[in-house]
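Asks: Pasting a structure below so you can have a look.
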Amino acid sequence: MMSRTAAPTPIAALHTGSGDPLLLLHGFMLSPHCWEQVAQRMSGTCEVFAPAFAGHWGGPEPDTRTLDVHMLADRVERQLDELGWRTCHIAGNSLGGWVGFELARRGRARTLTAIAPAGGWHTPSLLQLRVGLKFLSLLPIVEFGKLLGPGLRFSPPARRFAALALSHRTSAVPRAAVEAAIAAAVHCPAMLPMLLGGLRTPGVTDIGTLETPVRLLLCEYDRVIPNRSYAELFLRELPESADRILVHGVGHVPMLEAPDRIATLIAEHIYASRGHLRAV
C-alpha cells in the first residue's frame, strides 16, 4: 500500500530569488502555498516575496473582531518597509488582487497583475451580498473538516471538492497544492472577521485614475466570482491603457493548474513596463 505524502505545514512567507522585487498575494482562505510553482519560475529574475495574510494559515492571528482589505494592506506595507521595498511589482489573486489595488492606490506598486480580483462591487450591493453568502455557506464544511483526521480531511473526495472549486482542469493541480488549500481553509481564523468586515468595506475604488500599469487576468471558468457579474466593474472602470486578458481553460486560482502561463503573463507585464517606471 502506498504511503500518503506528508501533511502540509504552514508558511509565514515565501522569500526566494533575486532581481526585481515581486510581491505575490494569495486569495481568501488560501496561503502562500498557492504561489509555490509560480515563485519557483519567477525566482531566476525576481526577488519574490509571498506573505500569508493576517488571520490566514501561516499569518498572525487577527487581533480584532473584524478584518478588511485596508487592514491587510497595512500589514503588507509594514512588511515591504521591513524588506526595504519602497515600491515593487505586485501580482494578486482574488482577495490578493483587491489588496494589490489598494497598495497601488497608496503608491507602492510599480506594476499590478490582478488575477480574478475580488472587490468588483459597490457597497451595499447584491453582488457583495452574494459572494459573502457563498463563503458563509462554507462555514459548516470548514468546521466539520476541523474535526477530521488527515486521512479523511485529505481523502480523494475532499481533494476533488477543493480542486473543483479552485480550478478547471483538476487533474493538472498537484496533490500537494490541493492538500495545502484544504489545510489553509480549515486553519483560517480570519474567515468570519473578513466576512463581517467585508459587509461595511467598499469594493475597489479610484481604479480609473491609477497611474500604475495594470494587467487584468480573468479566468474563463471562474466558479467563485464569475466574470459575467464580478468582472464588469474592472472592465468598465480601469484605464484604457490597462491590459484586459481572458485566460482560457482555467478556474479561479489559475496558478495551481497553469503556473507556466501565469508566470509568463506576470513576467511580460513586468518587463513591458520597465521603460515607463517613475523614479520614487
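In the C-alpha cells, each chain is lettered A, B, ... as it comes, each chain's residues begin at 1, and ligands are numbered from 1 in order of appearance.
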So which residues touch Glu240 in chain A within 12 Å, counting only C-alpha atoms, skipping near sequence neighbours fewer than 3 positions away, as a PyMOL selection string?
Replies: chain A and resi 207-211+213-216+234-237+243-244
Asks: Those selected residues, please, written with N, CA, C and O atoms and delivered as a PDB file, in the first residue's frame.
Replies:
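Result file is part_9.pdb:
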```pdb
ATOM      1  N   ILE A 207      -9.948  53.174  -9.273  1.00  0.00           N
ATOM      2  CA  ILE A 207      -9.066  52.458 -10.194  1.00  0.00           C
ATOM      3  C   ILE A 207      -8.956  53.158 -11.545  1.00  0.00           C
ATOM      4  O   ILE A 207      -8.011  52.921 -12.289  1.00  0.00           O
ATOM      5  N   GLY A 208      -9.908  54.031 -11.848  1.00  0.00           N
ATOM      6  CA  GLY A 208      -9.867  54.735 -13.127  1.00  0.00           C
ATOM      7  C   GLY A 208      -8.761  55.756 -13.222  1.00  0.00           C
ATOM      8  O   GLY A 208      -8.387  56.173 -14.326  1.00  0.00           O
ATOM      9  N   THR A 209      -8.215  56.157 -12.074  1.00  0.00           N
ATOM     10  CA  THR A 209      -7.160  57.175 -12.065  1.00  0.00           C
ATOM     11  C   THR A 209      -5.790  56.607 -11.706  1.00  0.00           C
ATOM     12  O   THR A 209      -4.833  57.364 -11.531  1.00  0.00           O
ATOM     13  N   LEU A 210      -5.685  55.285 -11.626  1.00  0.00           N
ATOM     14  CA  LEU A 210      -4.401  54.676 -11.284  1.00  0.00           C
ATOM     15  C   LEU A 210      -3.355  54.971 -12.354  1.00  0.00           C
ATOM     16  O   LEU A 210      -3.612  54.819 -13.548  1.00  0.00           O
ATOM     17  N   GLU A 211      -2.165  55.360 -11.908  1.00  0.00           N
ATOM     18  CA  GLU A 211      -1.051  55.538 -12.834  1.00  0.00           C
ATOM     19  C   GLU A 211      -0.224  54.263 -12.965  1.00  0.00           C
ATOM     20  O   GLU A 211       0.582  54.145 -13.883  1.00  0.00           O
ATOM     21  N   PRO A 213       0.791  50.712 -14.111  1.00  0.00           N
ATOM     22  CA  PRO A 213       0.408  49.822 -15.219  1.00  0.00           C
ATOM     23  C   PRO A 213      -0.301  48.580 -14.677  1.00  0.00           C
ATOM     24  O   PRO A 213       0.238  47.879 -13.822  1.00  0.00           O
ATOM     25  N   VAL A 214      -1.516  48.329 -15.159  1.00  0.00           N
ATOM     26  CA  VAL A 214      -2.336  47.228 -14.655  1.00  0.00           C
ATOM     27  C   VAL A 214      -2.567  46.201 -15.758  1.00  0.00           C
ATOM     28  O   VAL A 214      -2.857  46.550 -16.906  1.00  0.00           O
ATOM     29  N   ARG A 215      -2.424  44.945 -15.401  1.00  0.00           N
ATOM     30  CA  ARG A 215      -2.810  43.832 -16.278  1.00  0.00           C
ATOM     31  C   ARG A 215      -3.887  43.035 -15.547  1.00  0.00           C
ATOM     32  O   ARG A 215      -3.646  42.487 -14.462  1.00  0.00           O
ATOM     33  N   LEU A 216      -5.073  42.991 -16.111  1.00  0.00           N
ATOM     34  CA  LEU A 216      -6.200  42.263 -15.537  1.00  0.00           C
ATOM     35  C   LEU A 216      -6.306  40.900 -16.204  1.00  0.00           C
ATOM     36  O   LEU A 216      -6.445  40.812 -17.418  1.00  0.00           O
ATOM     37  N   PHE A 234     -14.344  46.160 -13.235  1.00  0.00           N
ATOM     38  CA  PHE A 234     -12.951  46.288 -13.664  1.00  0.00           C
ATOM     39  C   PHE A 234     -12.860  46.593 -15.155  1.00  0.00           C
ATOM     40  O   PHE A 234     -12.086  47.457 -15.581  1.00  0.00           O
ATOM     41  N   LEU A 235     -13.646  45.898 -15.950  1.00  0.00           N
ATOM     42  CA  LEU A 235     -13.618  46.108 -17.399  1.00  0.00           C
ATOM     43  C   LEU A 235     -14.071  47.528 -17.753  1.00  0.00           C
ATOM     44  O   LEU A 235     -13.547  48.141 -18.679  1.00  0.00           O
ATOM     45  N   ARG A 236     -15.007  48.034 -16.979  1.00  0.00           N
ATOM     46  CA  ARG A 236     -15.564  49.354 -17.278  1.00  0.00           C
ATOM     47  C   ARG A 236     -14.701  50.491 -16.746  1.00  0.00           C
ATOM     48  O   ARG A 236     -14.541  51.520 -17.414  1.00  0.00           O
ATOM     49  N   GLU A 237     -14.127  50.333 -15.557  1.00  0.00           N
ATOM     50  CA  GLU A 237     -13.523  51.472 -14.876  1.00  0.00           C
ATOM     51  C   GLU A 237     -12.000  51.547 -14.960  1.00  0.00           C
ATOM     52  O   GLU A 237     -11.433  52.592 -14.678  1.00  0.00           O
ATOM     53  N   ASP A 243      -4.169  46.357 -19.567  1.00  0.00           N
ATOM     54  CA  ASP A 243      -4.379  45.113 -20.316  1.00  0.00           C
ATOM     55  C   ASP A 243      -5.587  44.386 -19.753  1.00  0.00           C
ATOM     56  O   ASP A 243      -5.772  44.315 -18.537  1.00  0.00           O
ATOM     57  N   ARG A 244      -6.384  43.819 -20.631  1.00  0.00           N
ATOM     58  CA  ARG A 244      -7.524  43.013 -20.225  1.00  0.00           C
ATOM     59  C   ARG A 244      -7.410  41.675 -20.953  1.00  0.00           C
ATOM     60  O   ARG A 244      -7.548  41.625 -22.172  1.00  0.00           O
TER      61      ARG A 244
END
```
Asks: Please identify all polymer residues within 12 Å of Gly197 in chain A, counting only C-alpha atoms, omitting same-chain residues fewer than 3 positions from it, and present them as a list in words.
Replies: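 After dropping sequence-adjacent residues, the list is Thr64, Arg65, Thr66, Leu67, Asp68, Val69, His70, Met71, Leu72, Thr123, Gln128, Gly132, Ala190, Met191, Leu192, Pro193, Met194, Arg200, Thr201, Pro202 and Gly203 of chain A.
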Asks: From the list A:Gly17, A:Thr212, A:Glu102, A:Leu265, which residue is nearest Ile245 in chain A when using only C-alpha atoms?
Replies: A:Leu265
Asks: Which residues are close to Ala7 in chain A, i.e. within 10 Å by only C-alpha atoms, leaving aside same-chain residues fewer than 3 positions away? Reply as JSON, numbers by chain.
Replies: {"A": [4, 150, 151, 154, 176, 179, 180, 183]}
Asks: Select, from A:Leu256, A:Leu164, A:Cys188, A:Ala52, the residue with the minimum atom-to-atom distance to Tyr221 in chain A, counting only C-alpha atoms.
Replies: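 Answer, going by the shortest atom-to-atom distance: A:Leu164.
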Asks: So that I can check the surroundings of Ile182 in chain A, please list as a ChimeraX atom specification every protein, DNA and RNA residue that reaches within 10 Å of it, counting only C-alpha atoms and ignoring chain neighbours fewer than 6 positions away.
Replies: /A:8,29-30,142,145,153-154,158-159,161-163,176
Asks: With a distance cut-off of 8 Å and only C-alpha atoms, select the neighbouring residues of Ala13 in chain A, excluding the residue or stretch itself and same-chain residues fewer than 4 positions from it, and output the selection as a PDB file with N, CA, C and O atoms, in the first residue's frame.
Replies:
```
ATOM      1  N   PRO A  32       0.333  31.209   1.166  1.00  0.00           N
ATOM      2  CA  PRO A  32       1.415  31.340   0.177  1.00  0.00           C
ATOM      3  C   PRO A  32       1.676  30.075  -0.631  1.00  0.00           C
ATOM      4  O   PRO A  32       2.296  30.144  -1.705  1.00  0.00           O
ATOM      5  N   PHE A  49       8.524  37.675  -2.911  1.00  0.00           N
ATOM      6  CA  PHE A  49       8.043  37.643  -1.529  1.00  0.00           C
ATOM      7  C   PHE A  49       6.548  37.394  -1.554  1.00  0.00           C
ATOM      8  O   PHE A  49       5.795  38.157  -2.155  1.00  0.00           O
ATOM      9  N   ALA A  50       6.122  36.304  -0.929  1.00  0.00           N
ATOM     10  CA  ALA A  50       4.703  35.934  -0.893  1.00  0.00           C
ATOM     11  C   ALA A  50       4.319  35.683   0.555  1.00  0.00           C
ATOM     12  O   ALA A  50       4.546  34.594   1.089  1.00  0.00           O
ATOM     13  N   PRO A  51       3.738  36.680   1.240  1.00  0.00           N
ATOM     14  CA  PRO A  51       3.415  36.528   2.656  1.00  0.00           C
ATOM     15  C   PRO A  51       2.020  35.937   2.871  1.00  0.00           C
ATOM     16  O   PRO A  51       1.155  35.997   1.991  1.00  0.00           O
ATOM     17  N   ALA A  52       1.823  35.376   4.053  1.00  0.00           N
ATOM     18  CA  ALA A  52       0.487  34.962   4.469  1.00  0.00           C
ATOM     19  C   ALA A  52      -0.232  36.174   5.054  1.00  0.00           C
ATOM     20  O   ALA A  52       0.328  36.912   5.869  1.00  0.00           O
ATOM     21  N   GLY A  58      -0.574  30.443   8.461  1.00  0.00           N
ATOM     22  CA  GLY A  58       0.808  30.910   8.406  1.00  0.00           C
ATOM     23  C   GLY A  58       0.974  32.344   8.838  1.00  0.00           C
ATOM     24  O   GLY A  58       2.073  32.769   9.180  1.00  0.00           O
TER      25      GLY A  58
END
```
Asks: Nearest to Pro60 in chain A among A:Ile11, A:Gly44, A:Arg105, A:Ala91, with distances taken over only C-alpha atoms: which residue is it?
Replies: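 Once distances to Pro60 in chain A are computed over only C-alpha atoms, the minimum belongs to A:Ile11.
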Asks: I need the residues of range 16-195 of chain A that end up classed as strand (DSSP E) by DSSP on the backbone, written out as JSON, numbers by chain.
Replies: {"A": [16, 20, 21, 22, 23, 24, 25, 46, 47, 48, 49, 50, 51, 88, 89, 90, 91, 92, 93, 109, 110, 111, 112, 113, 114, 115]}
Asks: Keeping N, CA, C and O atoms, export the residues of the selection given above as a short mmCIF file (atom, residue, chain, number, x, y, z; two decimals), in the first residue's frame.
Replies:
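Saved to out.cif:
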```cif
data_model
loop_
_atom_site.label_atom_id
_atom_site.label_comp_id
_atom_site.auth_asym_id
_atom_site.auth_seq_id
_atom_site.Cartn_x
_atom_site.Cartn_y
_atom_site.Cartn_z
N THR A 16 12.26 34.17 -2.00
CA THR A 16 13.23 33.44 -2.80
C THR A 16 13.65 34.28 -4.01
O THR A 16 12.96 35.21 -4.41
N ASP A 20 14.31 41.94 -9.73
CA ASP A 20 13.23 42.89 -9.48
C ASP A 20 12.36 42.42 -8.32
O ASP A 20 12.02 41.23 -8.24
N PRO A 21 11.96 43.32 -7.41
CA PRO A 21 11.11 42.92 -6.28
C PRO A 21 9.69 42.59 -6.76
O PRO A 21 9.06 43.39 -7.45
N LEU A 22 9.21 41.41 -6.38
CA LEU A 22 7.89 40.95 -6.80
C LEU A 22 7.13 40.44 -5.59
O LEU A 22 7.56 39.50 -4.92
N LEU A 23 6.00 41.07 -5.32
CA LEU A 23 5.12 40.68 -4.22
C LEU A 23 3.96 39.85 -4.77
O LEU A 23 3.28 40.28 -5.70
N LEU A 24 3.75 38.67 -4.19
CA LEU A 24 2.66 37.79 -4.61
C LEU A 24 1.66 37.67 -3.47
O LEU A 24 2.04 37.33 -2.33
N LEU A 25 0.39 37.93 -3.75
CA LEU A 25 -0.65 37.97 -2.71
C LEU A 25 -1.72 36.92 -3.00
O LEU A 25 -2.30 36.90 -4.08
N CYS A 46 13.49 37.51 -10.44
CA CYS A 46 12.86 38.38 -9.45
C CYS A 46 13.18 37.91 -8.03
O CYS A 46 13.35 36.72 -7.79
N GLU A 47 13.24 38.86 -7.11
CA GLU A 47 13.22 38.53 -5.69
C GLU A 47 11.75 38.45 -5.30
O GLU A 47 11.04 39.47 -5.31
N VAL A 48 11.30 37.26 -4.99
CA VAL A 48 9.88 37.00 -4.79
C VAL A 48 9.57 36.94 -3.30
O VAL A 48 10.25 36.26 -2.54
N PHE A 49 8.52 37.67 -2.91
CA PHE A 49 8.04 37.64 -1.53
C PHE A 49 6.55 37.39 -1.55
O PHE A 49 5.79 38.16 -2.15
N ALA A 50 6.12 36.30 -0.93
CA ALA A 50 4.70 35.93 -0.89
C ALA A 50 4.32 35.68 0.56
O ALA A 50 4.55 34.59 1.09
N PRO A 51 3.74 36.68 1.24
CA PRO A 51 3.42 36.53 2.66
C PRO A 51 2.02 35.94 2.87
O PRO A 51 1.15 36.00 1.99
N CYS A 88 7.30 47.94 -5.54
CA CYS A 88 7.59 46.61 -6.06
C CYS A 88 6.54 46.27 -7.11
O CYS A 88 5.51 46.93 -7.24
N HIS A 89 6.81 45.25 -7.87
CA HIS A 89 5.80 44.68 -8.75
C HIS A 89 4.87 43.82 -7.89
O HIS A 89 5.32 43.15 -6.95
N ILE A 90 3.60 43.83 -8.21
CA ILE A 90 2.62 43.09 -7.41
C ILE A 90 1.76 42.22 -8.33
O ILE A 90 1.31 42.67 -9.38
N ALA A 91 1.56 40.98 -7.91
CA ALA A 91 0.57 40.11 -8.55
C ALA A 91 -0.30 39.55 -7.44
O ALA A 91 0.21 39.03 -6.45
N GLY A 92 -1.60 39.69 -7.59
CA GLY A 92 -2.52 39.22 -6.55
C GLY A 92 -3.69 38.49 -7.16
O GLY A 92 -4.19 38.87 -8.22
N ASN A 93 -4.12 37.45 -6.46
CA ASN A 93 -5.25 36.64 -6.91
C ASN A 93 -6.42 36.82 -5.95
O ASN A 93 -6.25 36.73 -4.74
N ALA A 109 3.02 50.17 -5.83
CA ALA A 109 3.13 49.21 -6.94
C ALA A 109 3.83 49.82 -8.15
O ALA A 109 3.43 50.88 -8.63
N ARG A 110 4.85 49.13 -8.64
CA ARG A 110 5.44 49.50 -9.93
C ARG A 110 4.56 49.01 -11.06
O ARG A 110 4.35 49.71 -12.05
N THR A 111 4.10 47.79 -10.92
CA THR A 111 3.09 47.22 -11.83
C THR A 111 2.14 46.39 -10.97
O THR A 111 2.48 45.97 -9.87
N LEU A 112 0.95 46.15 -11.50
CA LEU A 112 -0.02 45.29 -10.82
C LEU A 112 -0.61 44.31 -11.82
O LEU A 112 -1.14 44.71 -12.86
N THR A 113 -0.49 43.02 -11.50
CA THR A 113 -1.17 41.97 -12.25
C THR A 113 -2.28 41.45 -11.35
O THR A 113 -2.01 40.81 -10.33
N ALA A 114 -3.53 41.76 -11.70
CA ALA A 114 -4.68 41.39 -10.88
C ALA A 114 -5.34 40.16 -11.50
O ALA A 114 -5.87 40.23 -12.62
N ILE A 115 -5.31 39.05 -10.79
CA ILE A 115 -5.78 37.77 -11.30
C ILE A 115 -7.11 37.43 -10.65
O ILE A 115 -7.17 37.19 -9.44
#
```
Asks: From the DSSP assignment of the backbone, select every residue of range 51-113 of chain A that is helix (DSSP H, G or I), and format the answer as an NGL selection string.
Replies: :A and (69-83 or 95-105)
Asks: Tell me, in Å to one decimal, how far CA of Tyr230 in chain A is from CA of Gly249 in chain A.
Replies: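 For CA of Tyr230 in chain A relative to CA of Gly249 in chain A, the distance reads 18.2 Å.
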Asks: Which residue gives the smallest distance to Arg261 in chain A among A:Ala12, A:Gly19, A:Ser273, A:Gln37, with only C-alpha atoms counted?
Replies: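 Of A:Ala12, A:Gly19, A:Ser273, A:Gln37, the one nearest Arg261 in chain A is A:Gln37, counting only C-alpha atoms.
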Asks: Using only C-alpha atoms, can you tell me which of A:Ala54, A:Cys219, A:Ile270, A:Leu136 comes closest to Ala231 in chain A?
Replies: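 Ranking A:Ala54, A:Cys219, A:Ile270, A:Leu136 by distance to Ala231 in chain A, first place goes to A:Cys219.
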Asks: Could you give me, as a list in words, the residues within 8 Å of Phe28 in chain A, counting only C-alpha atoms and dropping anything in the same chain fewer than 2 positions from it?
Replies: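 Non-adjacent residues within range: His26, Leu30, His56, Ser94, Leu95 and Gly96 of chain A.
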Asks: Any chance you can output those residues with N, CA and C atoms as a PDB file, in the first residue's frame?
Replies:
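File written: again02.pdb
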```pdb
ATOM      1  N   HIS A  26      -1.983  36.075  -2.000  1.00  0.00           N
ATOM      2  CA  HIS A  26      -2.917  34.963  -2.178  1.00  0.00           C
ATOM      3  C   HIS A  26      -4.365  35.391  -1.934  1.00  0.00           C
ATOM      4  N   LEU A  30      -6.810  31.066   1.553  1.00  0.00           N
ATOM      5  CA  LEU A  30      -5.681  30.328   0.991  1.00  0.00           C
ATOM      6  C   LEU A  30      -4.412  30.727   1.739  1.00  0.00           C
ATOM      7  N   HIS A  56      -4.804  34.300   8.239  1.00  0.00           N
ATOM      8  CA  HIS A  56      -4.776  33.176   7.323  1.00  0.00           C
ATOM      9  C   HIS A  56      -3.666  32.211   7.749  1.00  0.00           C
ATOM     10  N   SER A  94      -7.618  37.088  -6.502  1.00  0.00           N
ATOM     11  CA  SER A  94      -8.847  37.184  -5.728  1.00  0.00           C
ATOM     12  C   SER A  94      -8.721  38.272  -4.658  1.00  0.00           C
ATOM     13  N   LEU A  95      -8.804  37.924  -3.379  1.00  0.00           N
ATOM     14  CA  LEU A  95      -8.598  38.909  -2.317  1.00  0.00           C
ATOM     15  C   LEU A  95      -7.240  39.581  -2.477  1.00  0.00           C
ATOM     16  N   GLY A  96      -6.234  38.814  -2.893  1.00  0.00           N
ATOM     17  CA  GLY A  96      -4.910  39.378  -3.105  1.00  0.00           C
ATOM     18  C   GLY A  96      -4.883  40.427  -4.197  1.00  0.00           C
TER      19      GLY A  96
END
```
Asks: Point out the residue among A:Arg106, A:Pro140, A:Arg86, A:Leu218 with the least atom-to-atom distance to Asp74 in chain A, counting only C-alpha atoms.
Replies: A:Arg106
